[in-house]
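S.K.: Just so it is clear, I am handing over model_37.cif, which has mmCIF, C-alpha atoms.
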data_work
loop_
_atom_site.label_atom_id
_atom_site.label_comp_id
_atom_site.auth_asym_id
_atom_site.auth_seq_id
_atom_site.Cartn_x
_atom_site.Cartn_y
_atom_site.Cartn_z
CA MET A 1 26.72 34.49 9.14
CA LYS A 2 23.62 33.69 7.05
CA ARG A 3 25.66 31.37 4.86
CA PHE A 4 26.97 29.57 7.93
CA PHE A 5 23.43 29.22 9.33
CA PHE A 6 22.03 27.80 6.09
CA ALA A 7 25.03 25.49 5.76
CA LEU A 8 24.45 24.23 9.29
CA VAL A 9 20.75 23.64 8.62
CA PHE A 10 21.64 21.82 5.39
CA CYS A 11 24.19 19.60 7.14
CA CYS A 12 21.74 18.76 9.92
CA GLY A 13 19.11 17.89 7.35
CA MET A 14 21.52 15.67 5.44
CA PHE A 15 22.57 13.92 8.65
CA THR A 16 18.94 13.21 9.54
CA LEU A 17 18.28 11.93 6.02
CA LEU A 18 21.32 9.64 6.10
CA PHE A 19 20.35 8.39 9.56
CA ALA A 20 16.87 7.49 8.34
CA GLN A 21 18.20 5.76 5.23
CA GLN A 22 20.03 3.14 7.27
CA TRP A 23 16.67 1.88 8.53
CA PRO A 24 14.28 0.16 6.10
CA ASP A 25 10.79 1.63 5.95
CA THR A 26 9.39 -1.79 6.87
CA ILE A 27 10.74 -5.07 8.23
CA SER A 28 8.51 -8.13 8.03
CA CYS A 29 8.72 -11.02 10.51
CA GLY A 30 6.57 -14.14 10.48
CA PRO A 31 4.03 -15.58 10.51
CA PHE A 32 4.82 -18.26 13.09
CA LYS A 33 2.62 -20.86 14.74
CA THR A 34 2.75 -19.30 18.19
CA GLY A 35 1.25 -16.46 20.24
CA HIS A 36 1.10 -12.90 18.94
CA ILE A 37 4.11 -10.59 19.06
CA GLN A 38 4.58 -9.03 22.50
CA GLY A 39 7.49 -6.69 21.77
CA PHE A 40 10.83 -6.31 20.00
CA ALA A 41 14.29 -4.85 20.52
CA VAL A 42 16.97 -3.64 18.12
CA ASP A 43 20.73 -4.16 18.41
CA LYS A 44 21.79 -1.07 16.45
CA GLN A 45 25.47 -2.02 16.29
CA HIS A 46 24.96 -5.45 14.70
CA GLN A 47 21.65 -4.45 13.07
CA TRP A 48 19.80 -7.41 14.52
CA VAL A 49 16.17 -7.38 15.61
CA TYR A 50 14.78 -9.58 18.38
CA TYR A 51 11.07 -10.36 18.64
CA SER A 52 9.03 -11.88 21.45
CA TYR A 53 6.24 -14.11 20.19
CA THR A 54 4.85 -15.00 23.64
CA THR A 55 6.62 -18.37 23.95
CA MET A 56 9.32 -17.93 21.30
CA LEU A 57 12.17 -15.48 20.65
CA VAL A 58 13.03 -14.70 17.03
CA LYS A 59 16.24 -13.05 15.77
CA THR A 60 16.41 -11.46 12.30
CA ASP A 61 18.50 -9.02 10.31
CA LEU A 62 17.12 -5.72 9.01
CA GLN A 63 15.85 -7.43 5.87
CA GLY A 64 13.71 -9.78 7.94
CA ASN A 65 15.86 -12.86 7.31
CA VAL A 66 15.58 -15.17 10.30
CA ILE A 67 18.96 -15.85 11.91
CA GLY A 68 17.70 -18.04 14.73
CA THR A 69 14.82 -18.82 17.08
CA VAL A 70 14.52 -19.85 20.72
CA LYS A 71 11.68 -22.15 21.73
CA GLY A 72 10.56 -24.20 24.69
CA LEU A 73 9.11 -21.49 26.93
CA LEU A 74 5.82 -22.26 28.67
CA GLY A 75 5.47 -18.85 30.29
CA HIS A 76 4.59 -15.43 28.89
CA LEU A 77 7.60 -13.69 27.34
CA GLY A 78 6.64 -10.03 27.03
CA CYS A 79 8.33 -6.74 26.14
CA LEU A 80 12.03 -6.84 25.20
CA ALA A 81 14.89 -4.38 25.74
CA PHE A 82 18.42 -4.46 24.34
CA ASN A 83 21.14 -3.53 26.82
CA LYS A 84 24.01 -1.95 24.90
CA ALA A 85 26.19 -2.11 28.05
CA ASP A 86 26.45 -5.91 27.91
CA GLY A 87 25.03 -6.72 24.46
CA ARG A 88 22.20 -8.88 25.81
CA VAL A 89 18.43 -8.90 25.41
CA TYR A 90 16.20 -8.59 28.49
CA GLY A 91 12.54 -9.54 28.61
CA SER A 92 9.74 -9.99 31.13
CA LEU A 93 8.77 -13.61 31.76
CA GLU A 94 5.71 -14.72 33.73
CA TYR A 95 4.40 -18.02 35.03
CA LYS A 96 0.99 -17.55 36.63
CA ASP A 97 -2.36 -19.18 37.27
CA ASP A 98 -4.66 -16.62 35.65
CA SER A 99 -6.39 -16.77 32.27
CA ILE A 100 -3.22 -15.70 30.42
CA GLY A 101 -1.10 -18.44 31.98
CA LYS A 102 -3.74 -21.09 31.40
CA GLY A 103 -4.22 -19.89 27.82
CA ILE A 104 -0.51 -20.30 27.08
CA LEU A 105 -0.48 -23.89 28.35
CA LYS A 106 -3.56 -24.63 26.25
CA MET A 107 -1.93 -23.05 23.19
CA GLU A 108 1.22 -25.12 23.72
CA LYS A 109 -0.90 -28.24 24.36
CA VAL A 110 0.85 -28.90 27.66
CA ASP A 111 -0.87 -30.50 30.64
CA LYS A 112 1.13 -28.81 33.36
CA GLN A 113 0.62 -26.47 36.29
CA PHE A 114 3.20 -23.89 37.44
CA GLU A 115 3.63 -22.07 40.68
CA ASN A 116 3.29 -18.32 40.19
CA ALA A 117 6.70 -16.83 39.40
CA PHE A 118 8.03 -13.70 37.71
CA TYR A 119 11.42 -13.33 36.05
CA ILE A 120 13.58 -11.22 33.84
CA ALA A 121 14.82 -13.44 31.02
CA ILE A 122 18.29 -12.56 29.68
CA PHE A 123 19.30 -13.81 26.23
CA ASP A 124 22.82 -13.92 24.82
CA GLY A 125 21.93 -12.82 21.32
CA GLU A 126 25.28 -13.65 19.75
CA LYS A 127 24.69 -17.33 20.56
CA ILE A 128 21.36 -17.41 18.75
CA THR A 129 22.57 -18.76 15.42
CA GLN A 130 20.11 -21.46 14.36
CA MET A 131 16.46 -22.41 14.33
CA ASP A 132 14.62 -24.03 17.23
CA MET A 133 17.26 -23.54 19.90
CA ASP A 134 16.16 -24.66 23.37
CA ALA A 135 15.64 -21.97 26.02
CA GLU A 136 16.53 -24.36 28.83
CA LYS A 137 19.28 -26.55 27.36
CA ASP A 138 21.33 -24.54 24.84
CA GLY A 139 23.00 -22.08 27.23
CA ILE A 140 21.52 -18.97 25.63
CA MET A 141 19.13 -17.81 28.36
CA LYS A 142 19.38 -17.05 32.06
CA THR A 143 16.74 -15.71 34.40
CA VAL A 144 16.53 -13.50 37.50
CA TYR A 145 13.60 -13.88 39.88
CA LEU A 146 11.60 -10.84 41.09
CA PRO A 147 10.05 -11.63 44.49
CA THR A 148 8.46 -8.20 44.98
CA VAL A 149 6.22 -8.79 41.98
CA LEU A 150 5.04 -12.13 43.37
CA ALA A 151 4.31 -10.54 46.76
CA ASP A 152 2.11 -7.87 45.15
CA TYR A 153 0.46 -10.42 42.88
CA LEU A 154 -0.51 -12.67 45.80
CA ALA A 155 -1.51 -9.93 48.25
CA GLU A 156 -5.05 -9.02 49.22
CA VAL A 157 -5.86 -5.39 50.02
CA ASP A 158 -8.73 -3.37 51.39
CA VAL A 159 -9.98 -0.54 49.20
CA ASN A 160 -12.86 1.55 50.51
CA GLY A 161 -14.12 -1.25 52.74
CA LYS A 162 -13.94 -3.99 50.11
CA SER A 163 -11.30 -6.70 49.75
CA PHE A 164 -9.52 -7.13 46.42
CA ALA A 165 -6.92 -9.59 45.20
CA HIS A 166 -3.56 -8.30 43.93
CA ARG A 167 -1.96 -5.25 45.57
CA LEU A 168 -1.93 -2.31 43.10
CA ALA A 169 -4.00 -4.63 40.87
CA CYS A 170 -0.71 -6.30 39.94
CA SER A 171 -1.16 -8.87 37.19
CA GLY A 172 2.59 -9.41 36.88
CA ILE A 173 5.04 -7.61 34.60
CA ASP A 174 5.31 -6.72 30.94
CA GLY A 175 7.05 -3.52 29.75
CA VAL A 176 10.85 -3.34 30.17
CA SER A 177 13.44 -0.74 29.13
CA PHE A 178 16.78 0.75 30.16
CA GLY A 179 17.17 4.36 31.18
CA PRO A 180 18.34 6.76 33.92
CA LYS A 181 16.96 6.90 37.42
CA PHE A 182 13.65 8.76 37.47
CA GLY A 183 14.24 12.42 38.21
CA LYS A 184 17.52 12.42 36.28
CA VAL A 185 18.44 12.55 32.61
CA ASN A 186 22.03 11.32 32.90
CA GLY A 187 24.02 8.79 34.87
CA LYS A 188 23.71 5.05 35.36
CA HIS A 189 21.00 3.25 33.44
CA TYR A 190 18.61 1.01 35.33
CA LEU A 191 16.49 -1.84 34.10
CA THR A 192 12.97 -0.47 34.41
CA VAL A 193 10.11 -2.94 34.72
CA ALA A 194 6.42 -2.06 34.41
CA TYR A 195 3.66 -3.88 36.23
CA GLY A 196 0.78 -5.36 34.39
CA VAL A 197 -2.33 -3.85 35.98
CA TYR A 198 -5.68 -5.59 35.94
CA SER A 199 -8.66 -3.64 34.63
CA ASP A 200 -11.36 -3.38 37.28
CA LEU A 201 -13.98 -0.65 37.28
CA GLN A 202 -14.86 -1.23 40.94
CA ARG A 203 -11.48 -0.39 42.52
CA THR A 204 -9.54 2.87 42.74
CA ASP A 205 -6.01 1.56 43.42
CA ASN A 206 -5.37 0.64 39.77
CA ASP A 207 -5.17 4.08 38.14
CA TYR A 208 -1.37 4.37 38.16
CA GLN A 209 1.23 2.66 36.06
CA VAL A 210 3.74 1.08 38.45
CA LEU A 211 7.40 1.14 37.39
CA GLN A 212 10.27 -0.50 39.27
CA GLN A 213 13.96 0.22 38.63
CA TYR A 214 16.75 -2.29 39.19
CA ASP A 215 20.51 -1.79 39.28
CA ILE A 216 21.67 -4.86 37.36
CA SER A 217 25.42 -4.25 37.83
CA LYS A 218 25.58 -7.12 40.37
CA TRP A 219 22.95 -9.38 38.88
CA SER A 220 25.51 -12.02 37.90
CA ALA A 221 25.05 -13.38 41.43
CA TYR A 222 21.36 -14.04 40.66
CA GLU A 223 21.44 -15.15 37.03
CA HIS A 224 20.50 -18.77 36.74
CA PRO A 225 19.53 -21.09 33.87
CA LEU A 226 15.81 -21.76 33.81
CA SER A 227 14.39 -25.18 34.58
CA GLN A 228 10.64 -25.18 34.08
CA ASN A 229 10.43 -28.39 36.11
CA ASN A 230 11.98 -26.65 39.10
CA LEU A 231 11.55 -22.86 38.94
CA HIS A 232 14.33 -21.14 40.90
CA ARG A 233 13.99 -18.23 43.31
CA ASN A 234 17.29 -16.40 42.80
CA GLY A 235 16.85 -12.64 42.60
CA PRO A 236 17.17 -9.28 44.35
CA GLN A 237 15.10 -8.88 47.49
CA LYS A 238 13.54 -5.66 46.21
CA PRO A 239 13.92 -3.06 43.44
CA ASN A 240 16.13 0.00 43.86
CA GLY A 241 13.08 2.21 43.45
CA GLN A 242 9.34 2.06 42.83
CA TYR A 243 7.53 4.81 40.92
CA PHE A 244 4.00 5.73 39.89
CA VAL A 245 2.63 7.41 36.75
CA TYR A 246 -0.99 8.59 36.87
CA THR A 247 -2.67 7.63 33.60
CA GLY A 248 -6.01 6.18 34.64
CA ASN A 249 -6.72 2.48 34.61
CA THR A 250 -5.64 0.43 31.60
CA ASN A 251 -6.16 -3.16 30.51
CA TYR A 252 -3.09 -5.11 31.73
CA GLY A 253 -0.91 -2.04 32.24
CA VAL A 254 2.16 -1.07 30.20
CA GLN A 255 2.46 -3.51 27.33
CA ASN A 256 5.59 -1.84 25.94
CA LEU A 257 7.96 0.55 27.68
CA GLU A 258 10.68 2.50 25.85
CA TYR A 259 13.10 5.14 27.11
CA ASP A 260 13.61 7.97 24.62
CA GLU A 261 17.05 9.57 24.96
CA ASP A 262 16.11 12.50 22.73
CA LEU A 263 12.95 13.45 24.62
CA LYS A 264 14.22 12.36 28.06
CA GLY A 265 10.94 10.54 28.45
CA TRP A 266 9.46 7.08 28.78
CA TRP A 267 6.95 5.90 26.20
CA MET A 268 4.22 3.69 27.64
CA ALA A 269 1.99 1.84 25.19
CA VAL A 270 -1.11 0.22 26.69
CA TYR A 271 -4.35 -1.53 25.93
CA THR A 272 -6.91 1.19 26.60
CA GLY A 273 -8.88 1.27 29.82
CA LYS A 274 -12.65 1.47 30.28
CA LYS A 275 -13.25 3.78 33.23
CA PRO A 276 -15.46 6.64 31.95
CA LEU A 277 -13.72 9.14 34.24
CA PHE A 278 -10.51 8.95 32.17
CA PRO A 279 -9.64 9.76 28.54
CA ASN A 280 -8.35 6.19 28.09
CA TYR A 281 -5.44 7.00 25.81
CA SER A 282 -3.37 4.19 24.32
CA LEU A 283 0.01 5.98 24.42
CA PHE A 284 1.62 8.09 27.16
CA LEU A 285 4.96 9.86 27.58
CA ALA A 286 6.28 10.07 31.15
CA ASP A 287 8.75 12.84 32.03
CA GLY A 288 11.96 11.11 33.09
CA SER A 289 13.49 14.35 34.37
CA ARG A 290 10.93 14.83 37.14
CA CYS A 291 9.97 12.80 40.21
CA VAL A 292 8.07 14.03 43.28
CA LYS A 293 7.05 12.21 46.45
CA GLU A 294 3.37 12.88 47.00
CA ASN A 295 0.08 11.40 48.17
CA LEU A 296 -1.24 8.64 45.94
CA LYS A 297 -4.80 8.96 44.65
CA GLY A 298 -7.19 6.13 45.42
CA ILE A 299 -4.66 3.88 47.20
CA PRO A 300 -5.64 3.94 50.89
CA TYR A 301 -3.05 1.37 51.98
CA MET A 302 -0.14 3.45 50.64
CA LYS A 303 0.18 7.02 51.93
CA LYS A 304 2.83 8.41 49.60
CA GLY A 305 4.78 7.35 46.56
CA LYS A 306 7.37 8.60 44.10
CA VAL A 307 5.28 10.02 41.27
CA VAL A 308 6.62 10.65 37.77
CA PRO A 309 4.44 13.14 35.86
CA LEU A 310 3.45 12.88 32.24
CA LYS A 311 5.06 15.27 29.81
CA ARG A 312 2.76 18.04 28.70
CA GLN A 313 2.60 16.70 25.18
CA GLY A 314 -0.29 15.20 23.34
CA LYS A 315 -3.95 15.87 24.02
CA ARG A 316 -4.81 17.17 27.50
CA ASP A 317 -7.95 15.81 29.11
CA GLU A 318 -9.66 18.75 30.79
CA LEU A 319 -11.28 16.72 33.58
CA THR A 320 -8.22 14.80 34.79
CA GLY A 321 -5.31 16.82 33.37
CA ILE A 322 -3.89 13.65 31.81
CA TYR A 323 -1.91 13.95 28.57
CA GLY A 324 -1.69 11.25 25.92
CA TRP A 325 -2.64 10.08 22.46
CA HIS A 326 -5.07 7.73 20.79
CA PHE A 327 -2.43 6.07 18.60
CA PRO A 328 -3.14 2.69 16.96
CA LEU A 329 0.35 1.19 17.33
CA GLY A 330 2.74 0.57 20.21
CA SER A 331 1.11 -2.12 22.32
CA THR A 332 3.01 -4.87 20.46
CA GLY A 333 6.32 -3.02 20.25
CA ILE A 334 8.08 0.33 20.01
CA CYS A 335 11.78 1.15 19.61
CA ALA A 336 13.37 4.62 19.68
CA LEU A 337 16.17 4.61 17.09
CA GLY A 338 17.37 8.18 17.72
CA GLU A 339 17.14 11.44 15.78
CA GLY A 340 13.36 11.32 16.11
CA PHE A 341 12.92 7.97 14.31
CA TYR A 342 11.07 4.95 15.70
CA TYR A 343 9.96 1.49 14.75
CA PHE A 344 6.46 0.42 15.70
CA SER A 345 5.18 -3.12 15.44
CA ASP A 346 2.09 -3.60 13.31
CA ASN A 347 1.00 -7.12 14.20
CA PHE A 348 -1.07 -9.40 11.99
CA SER A 349 -2.42 -12.94 11.93
CA ASN A 350 -3.49 -15.28 9.16
CA LYS A 351 -3.94 -18.99 8.53
CA ASP A 352 -0.18 -19.50 8.85
CA GLY A 353 0.09 -17.92 12.31
CA GLN A 354 1.16 -14.66 13.95
CA GLY A 355 3.46 -12.04 12.46
CA SER A 356 4.53 -8.41 12.55
CA VAL A 357 5.62 -5.64 10.24
CA LEU A 358 7.92 -3.05 11.79
CA ARG A 359 7.09 0.36 10.35
CA LEU A 360 9.39 3.38 10.46
CA PHE A 361 7.94 6.58 11.93
CA LYS A 362 9.15 10.12 12.60
CA TYR A 363 8.13 11.99 15.75
CA VAL A 364 6.11 15.13 15.02
CA GLY A 365 4.59 15.68 18.48
CA ASN A 366 1.25 17.05 17.37
CA GLU A 367 -1.61 17.12 19.83
CA ASP A 368 -3.56 14.51 17.89
CA VAL A 369 -0.81 12.74 15.93
CA PRO A 370 2.50 12.00 17.67
CA PHE A 371 4.15 10.20 14.74
CA GLU A 372 4.04 10.16 10.96
CA ALA A 373 5.00 7.19 8.83
CA VAL A 374 8.22 7.43 6.82
CA LYS A 375 7.55 6.50 3.20
#
Could you spell out this file's structure in structure tokens?
M.R.:
Amino acid sequence: MKRFFFALVFCCGMFTLLFAQQWPDTISCGPFKTGHIQGFAVDKQHQWVYYSYTTMLVKTDLQGNVIGTVKGLLGHLGCLAFNKADGRVYGSLEYKDDSIGKGILKMEKVDKQFENAFYIAIFDGEKITQMDMDAEKDGIMKTVYLPTVLADYLAEVDVNGKSFAHRLACSGIDGVSFGPKFGKVNGKHYLTVAYGVYSDLQRTDNDYQVLQQYDISKWSAYEHPLSQNNLHRNGPQKPNGQYFVYTGNTNYGVQNLEYDEDLKGWWMAVYTGKKPLFPNYSLFLADGSRCVKENLKGIPYMKKGKVVPLKRQGKRDELTGIYGWHFPLGSTGICALGEGFYYFSDNFSNKDGQGSVLRLFKYVGNEDVPFEAVK
């Protein structure tokens, strides 16, 4: 029996080692003359990596060789997710009149004004085969409009007797990932979209991360090529579910969202908040197996909501009970590869533009250090 046990442990160790060896310790991408990296996604079968550089999509192999790029976007392309069910890449795409939207138009040197609109961009990665392909004209990208996001973005709400713009402090969308319905660990995977949440120390309705889940099995009826001269409005009337994760306020909400099949949890990487009441962690892990309808804290115009708790991992803040980590990476990209291995984007900039180095990490789950670099 002992021999069998040690043999099993040895085989498991060898499998983990072989799994890790298929992934390079680092993958470099860039620099490019564009905005900073917003997120990335990995097609494990073809061993392709897709990067969002704000207004440009880049496709490389695992050695960092560029296979193709997609340009021409004048909105904010954010977090990316690869859908193994259809082999396509999904990303959040925003057109809005705030400082981010205006900054993008200034960066692209375009004198143009867009109506506020929020989409999921869907890229056919197999068709991305050359440099400088056109997002509008080359038949490689379609979009689906999300009207619920626009409604929350435009709404005005009353919080403790004061009027504020943007319901739930919605600044739009950013983090995207595929995973099971909240409260379950198996079954159909939904496209999960995270709100951007404005930082505001004066309001109390911005202390949750807001996650919406969409069943995309019938989205072919909504998918439409994007014309930036005539933004379409084809999309589902509402999400299949809306959920809340109590983390404390952050700066622009979930930058990168990633479902972790091994941990049955959802990684949420953020720009840290500034409210002194909260621990202001930069990385959280929501428990995908649990979901409870309960009263929402600090949101007087919404009585109850479906709340997803944080996993009891990481450092626990004694005052609020919130768990999380102060981890330096994640806000510009995280990908769970399986078997406890992850890529994190380590972004950089220099005189030649914006770039990223993907670094391989192993999950260790310590209170202070969730990951250790693989060297």
S.K.: May I ask for the distance between CA of Gln212 (chain A) and CA of Ser92 (chain A), given in Å to one decimal place?
M.R.: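 Taking CA of Gln212 (chain A) as the start and CA of Ser92 (chain A) as the end point, the length is 12.5 Å.
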S.K.: Enumerate, as an MDAnalysis selection string, the residues matched when the PyMOL selection byres ((chain A and resi 210) around 12) is run on the file above.
M.R.: chainID A and resid 149 152 167:176 192:198 205:209 211:213 241:250 252:254 257 268 286 296 305:308
S.K.: Could you turn the residues from that selection into a file that holds C-alpha atoms, as an mmCIF file, in the coordinates of the input?
M.R.:
data_model
loop_
_atom_site.group_PDB
_atom_site.id
_atom_site.type_symbol
_atom_site.label_atom_id
_atom_site.label_comp_id
_atom_site.auth_asym_id
_atom_site.auth_seq_id
_atom_site.Cartn_x
_atom_site.Cartn_y
_atom_site.Cartn_z
ATOM 1 C CA VAL A 149 6.220 -8.790 41.980
ATOM 2 C CA ASP A 152 2.110 -7.870 45.150
ATOM 3 C CA ARG A 167 -1.960 -5.250 45.570
ATOM 4 C CA LEU A 168 -1.930 -2.310 43.100
ATOM 5 C CA ALA A 169 -4.000 -4.630 40.870
ATOM 6 C CA CYS A 170 -0.710 -6.300 39.940
ATOM 7 C CA SER A 171 -1.160 -8.870 37.190
ATOM 8 C CA GLY A 172 2.590 -9.410 36.880
ATOM 9 C CA ILE A 173 5.040 -7.610 34.600
ATOM 10 C CA ASP A 174 5.310 -6.720 30.940
ATOM 11 C CA GLY A 175 7.050 -3.520 29.750
ATOM 12 C CA VAL A 176 10.850 -3.340 30.170
ATOM 13 C CA THR A 192 12.970 -0.470 34.410
ATOM 14 C CA VAL A 193 10.110 -2.940 34.720
ATOM 15 C CA ALA A 194 6.420 -2.060 34.410
ATOM 16 C CA TYR A 195 3.660 -3.880 36.230
ATOM 17 C CA GLY A 196 0.780 -5.360 34.390
ATOM 18 C CA VAL A 197 -2.330 -3.850 35.980
ATOM 19 C CA TYR A 198 -5.680 -5.590 35.940
ATOM 20 C CA ASP A 205 -6.010 1.560 43.420
ATOM 21 C CA ASN A 206 -5.370 0.640 39.770
ATOM 22 C CA ASP A 207 -5.170 4.080 38.140
ATOM 23 C CA TYR A 208 -1.370 4.370 38.160
ATOM 24 C CA GLN A 209 1.230 2.660 36.060
ATOM 25 C CA LEU A 211 7.400 1.140 37.390
ATOM 26 C CA GLN A 212 10.270 -0.500 39.270
ATOM 27 C CA GLN A 213 13.960 0.220 38.630
ATOM 28 C CA GLY A 241 13.080 2.210 43.450
ATOM 29 C CA GLN A 242 9.340 2.060 42.830
ATOM 30 C CA TYR A 243 7.530 4.810 40.920
ATOM 31 C CA PHE A 244 4.000 5.730 39.890
ATOM 32 C CA VAL A 245 2.630 7.410 36.750
ATOM 33 C CA TYR A 246 -0.990 8.590 36.870
ATOM 34 C CA THR A 247 -2.670 7.630 33.600
ATOM 35 C CA GLY A 248 -6.010 6.180 34.640
ATOM 36 C CA ASN A 249 -6.720 2.480 34.610
ATOM 37 C CA THR A 250 -5.640 0.430 31.600
ATOM 38 C CA TYR A 252 -3.090 -5.110 31.730
ATOM 39 C CA GLY A 253 -0.910 -2.040 32.240
ATOM 40 C CA VAL A 254 2.160 -1.070 30.200
ATOM 41 C CA LEU A 257 7.960 0.550 27.680
ATOM 42 C CA MET A 268 4.220 3.690 27.640
ATOM 43 C CA ALA A 286 6.280 10.070 31.150
ATOM 44 C CA LEU A 296 -1.240 8.640 45.940
ATOM 45 C CA GLY A 305 4.780 7.350 46.560
ATOM 46 C CA LYS A 306 7.370 8.600 44.100
ATOM 47 C CA VAL A 307 5.280 10.020 41.270
ATOM 48 C CA VAL A 308 6.620 10.650 37.770
#
S.K.: Let me make sure I understand: among A:Asn229, A:Asn280, A:Gln21, A:Gln63, which one has the smallest atom-to-atom distance to Ile322 (chain A) if we use only C-alpha atoms?
M.R.: A:Asn280
S.K.: Given only C-alpha atoms as the basis, pick out the residue of A:Lys127, A:Lys84, A:His189, A:Lys96 nearest to Ile67 (chain A).
M.R.: A:Lys127
S.K.: Please provide as a list in words all residues within 6 Å of Phe40 (chain A), with the sequence filter that same-chain residues fewer than 2 positions apart are discarded (counting all atoms listed in the file).
M.R.: Tyr50, Tyr51, Leu80 and Gly333 of chain A
S.K.: Of the candidates A:Gly87, A:Gly101, A:Gly68, A:Gly35, which shows the shortest atom-to-atom distance to Gln113 (chain A), using only C-alpha atoms?
M.R.: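 Among A:Gly87, A:Gly101, A:Gly68, A:Gly35, it is A:Gly101 that comes nearest to Gln113 (chain A).
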S.K.: To one decimal place, how far is CA of Tyr301 (chain A) from CA of Lys238 (chain A) in Å?
M.R.: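 Distance between the two atoms: 18.9 Å.
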